[in-house]
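S.K.: Dropping a structure here in structure tokens format, bear with me for questions.
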Amino acid sequence: MKNLKVTALLAVLAFSPFYANVLPAEGAPVVSVLADAIKWKSESIEVGNIPQGKPKLIRFEFTNTSNKPIIIENVAPSCGCTTANYTKTPILPGKVGFVEASYNAANAGPFMKTVNVTTSDSKTPKTLSFKGTVVAS
């Protein structure tokens, strides 16, 4: 029993220097937050009242805040009533790009639609949204 206690104590002492290097120093952040490479002018747009049966163009602009070019890889509207267009060339650092959604409302009433954007910077899609009210013509 005494040998077991001595062995356990030696094991704890042997690994103590290892753990001393793993723990963060006091005052140091445990988690560092990475800044987004894209700064959107707006991620949600209120379009107000729009006429029924006439396409409405909604434009989302962004700035590349990283130090490398960004490429828009995919833009996926949430429904068939919305089409999308976007900057097809690489967006250089500090430059502005866009994603446009054209919404053609068939039914009167309030709506909210989304567009998912995937870029070379992040494989997690960014969801942009727009909402308003379709007024019967």
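Ligands are numbered from 1 in the order shown, chains are lettered A, B, ... in the order of the structure tokens, and residues start at 1 in each chain.
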Using only C-alpha atoms, determine which residues lie at most 10 Å from segment 72-88 of chain A, disregarding the query and same-chain residues fewer than 4 positions distant; provide the list as a compact mmCIF listing (two decimals) with N, CA, C and O atoms, in the first residue's frame.
M.R.:
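Result file out.txt:
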```
# COMPACT_ATOMS: atom_id res chain seq x y z
N PRO A 55 -40.70 42.01 -60.27
CA PRO A 55 -39.48 41.63 -59.54
C PRO A 55 -38.86 42.81 -58.78
O PRO A 55 -38.85 43.94 -59.27
N LYS A 56 -38.38 42.52 -57.59
CA LYS A 56 -37.72 43.51 -56.73
C LYS A 56 -36.27 43.05 -56.56
O LYS A 56 -36.00 41.91 -56.16
N LEU A 57 -35.31 43.93 -56.87
CA LEU A 57 -33.90 43.61 -56.74
C LEU A 57 -33.39 44.08 -55.37
O LEU A 57 -33.57 45.24 -55.01
N ILE A 58 -32.79 43.18 -54.63
CA ILE A 58 -32.21 43.48 -53.31
C ILE A 58 -30.72 43.23 -53.42
O ILE A 58 -30.28 42.16 -53.84
N ARG A 59 -29.91 44.22 -53.02
CA ARG A 59 -28.45 44.14 -53.16
C ARG A 59 -27.78 44.15 -51.79
O ARG A 59 -27.96 45.08 -51.01
N PHE A 60 -27.00 43.11 -51.53
CA PHE A 60 -26.19 43.01 -50.32
C PHE A 60 -24.74 43.27 -50.73
O PHE A 60 -24.22 42.60 -51.62
N GLU A 61 -24.09 44.24 -50.09
CA GLU A 61 -22.69 44.54 -50.39
C GLU A 61 -21.81 44.15 -49.21
O GLU A 61 -22.24 44.19 -48.06
N VAL A 96 -14.80 45.80 -52.63
CA VAL A 96 -16.21 45.54 -52.36
C VAL A 96 -16.77 44.54 -53.37
O VAL A 96 -16.44 44.59 -54.56
N GLY A 97 -17.58 43.62 -52.89
CA GLY A 97 -18.30 42.67 -53.72
C GLY A 97 -19.78 42.74 -53.41
O GLY A 97 -20.20 43.50 -52.52
N PHE A 98 -20.59 41.96 -54.12
CA PHE A 98 -22.04 42.01 -53.90
C PHE A 98 -22.69 40.65 -54.12
O PHE A 98 -22.15 39.78 -54.78
N VAL A 99 -23.87 40.53 -53.53
CA VAL A 99 -24.80 39.44 -53.79
C VAL A 99 -26.14 40.12 -54.02
O VAL A 99 -26.56 40.94 -53.21
N GLU A 100 -26.78 39.79 -55.15
CA GLU A 100 -28.10 40.36 -55.44
C GLU A 100 -29.13 39.25 -55.47
O GLU A 100 -28.87 38.16 -55.98
N ALA A 101 -30.30 39.56 -54.93
CA ALA A 101 -31.44 38.65 -54.98
C ALA A 101 -32.56 39.38 -55.69
O ALA A 101 -32.86 40.53 -55.38
N SER A 102 -33.17 38.72 -56.66
CA SER A 102 -34.32 39.27 -57.37
C SER A 102 -35.54 38.45 -56.96
O SER A 102 -35.62 37.25 -57.25
N TYR A 103 -36.48 39.11 -56.28
CA TYR A 103 -37.65 38.43 -55.75
C TYR A 103 -38.87 38.80 -56.58
O TYR A 103 -39.20 39.98 -56.74
N ASN A 104 -39.57 37.80 -57.11
CA ASN A 104 -40.77 38.01 -57.90
C ASN A 104 -41.95 37.42 -57.12
O ASN A 104 -42.15 36.21 -57.11
N ALA A 105 -42.70 38.29 -56.46
CA ALA A 105 -43.77 37.86 -55.57
C ALA A 105 -45.05 37.56 -56.34
O ALA A 105 -45.57 38.41 -57.04
N ALA A 106 -45.55 36.35 -56.18
CA ALA A 106 -46.81 35.97 -56.81
C ALA A 106 -47.99 36.20 -55.88
O ALA A 106 -49.09 36.50 -56.33
N MET A 112 -40.67 36.85 -45.94
CA MET A 112 -39.28 36.89 -45.50
C MET A 112 -38.56 35.79 -46.26
O MET A 112 -38.98 34.64 -46.23
N LYS A 113 -37.50 36.16 -46.97
CA LYS A 113 -36.73 35.21 -47.78
C LYS A 113 -35.27 35.27 -47.37
O LYS A 113 -34.79 36.28 -46.84
N THR A 114 -34.56 34.18 -47.66
CA THR A 114 -33.13 34.12 -47.33
C THR A 114 -32.32 33.69 -48.55
O THR A 114 -32.84 33.07 -49.47
N VAL A 115 -31.04 34.03 -48.50
CA VAL A 115 -30.06 33.62 -49.49
C VAL A 115 -28.84 33.15 -48.71
O VAL A 115 -28.32 33.89 -47.86
N ASN A 116 -28.38 31.92 -48.96
CA ASN A 116 -27.19 31.39 -48.31
C ASN A 116 -25.98 31.57 -49.22
O ASN A 116 -26.02 31.18 -50.38
N VAL A 117 -24.92 32.16 -48.66
CA VAL A 117 -23.72 32.49 -49.43
C VAL A 117 -22.53 31.73 -48.84
O VAL A 117 -22.24 31.85 -47.65
N THR A 118 -21.84 30.96 -49.70
CA THR A 118 -20.63 30.24 -49.29
C THR A 118 -19.44 30.87 -50.01
O THR A 118 -19.49 31.10 -51.21
N THR A 119 -18.38 31.15 -49.25
CA THR A 119 -17.18 31.78 -49.82
C THR A 119 -15.96 30.90 -49.59
O THR A 119 -16.01 29.94 -48.82
N SER A 120 -14.87 31.28 -50.24
CA SER A 120 -13.62 30.55 -50.08
C SER A 120 -13.06 30.71 -48.67
O SER A 120 -12.24 29.92 -48.23
N ASP A 121 -13.51 31.73 -47.95
CA ASP A 121 -13.03 32.00 -46.60
C ASP A 121 -13.64 31.05 -45.58
O ASP A 121 -13.00 30.66 -44.62
N SER A 122 -14.91 30.69 -45.77
CA SER A 122 -15.61 29.85 -44.81
C SER A 122 -16.56 28.92 -45.53
O SER A 122 -17.35 29.36 -46.36
N LYS A 123 -16.49 27.66 -45.21
CA LYS A 123 -17.39 26.68 -45.82
C LYS A 123 -18.76 26.69 -45.16
O LYS A 123 -19.69 26.07 -45.63
N PRO A 125 -22.10 28.43 -44.68
CA PRO A 125 -22.81 29.49 -45.40
C PRO A 125 -23.24 30.63 -44.50
O PRO A 125 -23.61 30.43 -43.35
N LYS A 126 -23.19 31.83 -45.05
CA LYS A 126 -23.70 33.03 -44.38
C LYS A 126 -25.12 33.23 -44.88
O LYS A 126 -25.37 33.23 -46.09
N THR A 127 -26.07 33.40 -43.98
CA THR A 127 -27.47 33.60 -44.37
C THR A 127 -27.80 35.08 -44.38
O THR A 127 -27.68 35.76 -43.37
N LEU A 128 -28.20 35.55 -45.55
CA LEU A 128 -28.67 36.93 -45.72
C LEU A 128 -30.18 36.87 -45.85
O LEU A 128 -30.73 35.91 -46.41
N SER A 129 -30.87 37.88 -45.34
CA SER A 129 -32.33 37.84 -45.39
C SER A 129 -32.91 39.18 -45.83
O SER A 129 -32.27 40.23 -45.66
```
S.K.: Do you have the atom CA of Ser44 of chain A-atom CA of Asn107 of chain A distance handy?
M.R.: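 Value for the atom CA of Ser44 of chain A-atom CA of Asn107 of chain A distance: 21.5 Å.
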S.K.: Extract, using only C-alpha atoms, all DNA, RNA and protein residues at most 10 Å from segment 62-69 of chain A, discarding same-chain residues fewer than 3 positions from it, and format them as a PDB file with N, CA and C atoms, in the first residue's frame.
M.R.:
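Contents of out.pdb, freshly written:
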```pdb
ATOM      1  N   ALA A  35     -11.490  37.086 -36.572  1.00  0.00           N
ATOM      2  CA  ALA A  35     -12.306  38.098 -37.222  1.00  0.00           C
ATOM      3  C   ALA A  35     -12.821  37.564 -38.548  1.00  0.00           C
ATOM      4  N   ASP A  36     -14.032  37.975 -38.898  1.00  0.00           N
ATOM      5  CA  ASP A  36     -14.591  37.589 -40.193  1.00  0.00           C
ATOM      6  C   ASP A  36     -13.791  38.260 -41.292  1.00  0.00           C
ATOM      7  N   ALA A  37     -13.597  37.540 -42.382  1.00  0.00           N
ATOM      8  CA  ALA A  37     -12.873  38.079 -43.533  1.00  0.00           C
ATOM      9  C   ALA A  37     -13.778  38.948 -44.388  1.00  0.00           C
ATOM     10  N   ILE A  38     -15.077  38.849 -44.154  1.00  0.00           N
ATOM     11  CA  ILE A  38     -16.043  39.633 -44.915  1.00  0.00           C
ATOM     12  C   ILE A  38     -16.855  40.484 -43.952  1.00  0.00           C
ATOM     13  N   LYS A  39     -16.954  41.767 -44.251  1.00  0.00           N
ATOM     14  CA  LYS A  39     -17.774  42.690 -43.463  1.00  0.00           C
ATOM     15  C   LYS A  39     -18.967  43.089 -44.324  1.00  0.00           C
ATOM     16  N   TRP A  40     -20.149  42.586 -43.972  1.00  0.00           N
ATOM     17  CA  TRP A  40     -21.363  42.882 -44.728  1.00  0.00           C
ATOM     18  C   TRP A  40     -21.886  44.257 -44.360  1.00  0.00           C
ATOM     19  N   LYS A  41     -22.306  45.019 -45.346  1.00  0.00           N
ATOM     20  CA  LYS A  41     -22.926  46.322 -45.099  1.00  0.00           C
ATOM     21  C   LYS A  41     -24.209  46.111 -44.302  1.00  0.00           C
ATOM     22  N   SER A  42     -24.977  45.089 -44.686  1.00  0.00           N
ATOM     23  CA  SER A  42     -26.181  44.696 -43.964  1.00  0.00           C
ATOM     24  C   SER A  42     -26.455  43.227 -44.276  1.00  0.00           C
ATOM     25  N   GLU A  43     -26.818  42.460 -43.254  1.00  0.00           N
ATOM     26  CA  GLU A  43     -27.142  41.047 -43.445  1.00  0.00           C
ATOM     27  C   GLU A  43     -28.645  40.822 -43.538  1.00  0.00           C
ATOM     28  N   THR A  89     -15.792  37.397 -59.953  1.00  0.00           N
ATOM     29  CA  THR A  89     -14.328  37.470 -59.899  1.00  0.00           C
ATOM     30  C   THR A  89     -13.868  37.504 -58.447  1.00  0.00           C
ATOM     31  N   PRO A  90     -12.612  37.127 -58.161  1.00  0.00           N
ATOM     32  CA  PRO A  90     -12.104  37.224 -56.793  1.00  0.00           C
ATOM     33  C   PRO A  90     -12.168  38.666 -56.288  1.00  0.00           C
ATOM     34  N   ILE A  91     -12.581  38.825 -55.026  1.00  0.00           N
ATOM     35  CA  ILE A  91     -12.659  40.135 -54.401  1.00  0.00           C
ATOM     36  C   ILE A  91     -11.347  40.333 -53.638  1.00  0.00           C
ATOM     37  N   LEU A  92     -10.559  41.288 -54.085  1.00  0.00           N
ATOM     38  CA  LEU A  92      -9.253  41.540 -53.484  1.00  0.00           C
ATOM     39  C   LEU A  92      -9.392  42.194 -52.112  1.00  0.00           C
ATOM     40  N   PRO A  93      -8.360  42.100 -51.260  1.00  0.00           N
ATOM     41  CA  PRO A  93      -8.413  42.724 -49.942  1.00  0.00           C
ATOM     42  C   PRO A  93      -8.766  44.214 -50.039  1.00  0.00           C
ATOM     43  N   GLY A  94      -9.711  44.627 -49.217  1.00  0.00           N
ATOM     44  CA  GLY A  94     -10.136  46.022 -49.180  1.00  0.00           C
ATOM     45  C   GLY A  94     -11.166  46.397 -50.232  1.00  0.00           C
ATOM     46  N   LYS A  95     -11.465  45.483 -51.147  1.00  0.00           N
ATOM     47  CA  LYS A  95     -12.409  45.775 -52.227  1.00  0.00           C
ATOM     48  C   LYS A  95     -13.821  45.317 -51.852  1.00  0.00           C
ATOM     49  N   VAL A  96     -14.802  45.802 -52.626  1.00  0.00           N
ATOM     50  CA  VAL A  96     -16.214  45.541 -52.359  1.00  0.00           C
ATOM     51  C   VAL A  96     -16.767  44.535 -53.371  1.00  0.00           C
ATOM     52  N   GLY A  97     -17.582  43.617 -52.886  1.00  0.00           N
ATOM     53  CA  GLY A  97     -18.296  42.665 -53.721  1.00  0.00           C
ATOM     54  C   GLY A  97     -19.782  42.742 -53.408  1.00  0.00           C
ATOM     55  N   PHE A  98     -20.590  41.959 -54.123  1.00  0.00           N
ATOM     56  CA  PHE A  98     -22.035  42.014 -53.897  1.00  0.00           C
ATOM     57  C   PHE A  98     -22.690  40.652 -54.117  1.00  0.00           C
ATOM     58  N   VAL A  99     -23.871  40.532 -53.527  1.00  0.00           N
ATOM     59  CA  VAL A  99     -24.797  39.440 -53.790  1.00  0.00           C
ATOM     60  C   VAL A  99     -26.139  40.115 -54.018  1.00  0.00           C
ATOM     61  N   SER A 120     -14.874  31.276 -50.241  1.00  0.00           N
ATOM     62  CA  SER A 120     -13.619  30.546 -50.075  1.00  0.00           C
ATOM     63  C   SER A 120     -13.056  30.715 -48.670  1.00  0.00           C
ATOM     64  N   ASP A 121     -13.510  31.735 -47.952  1.00  0.00           N
ATOM     65  CA  ASP A 121     -13.027  31.997 -46.601  1.00  0.00           C
ATOM     66  C   ASP A 121     -13.642  31.045 -45.579  1.00  0.00           C
TER      67      ASP A 121
END
```
S.K.: Got a sec to tell me which of segment 55-130 of chain A DSSP assigns to strand (DSSP E), as a VMD selection string?
M.R.: chain A and resid 56 to 64 72 to 77 82 to 86 96 to 103 109 to 119 126 to 130
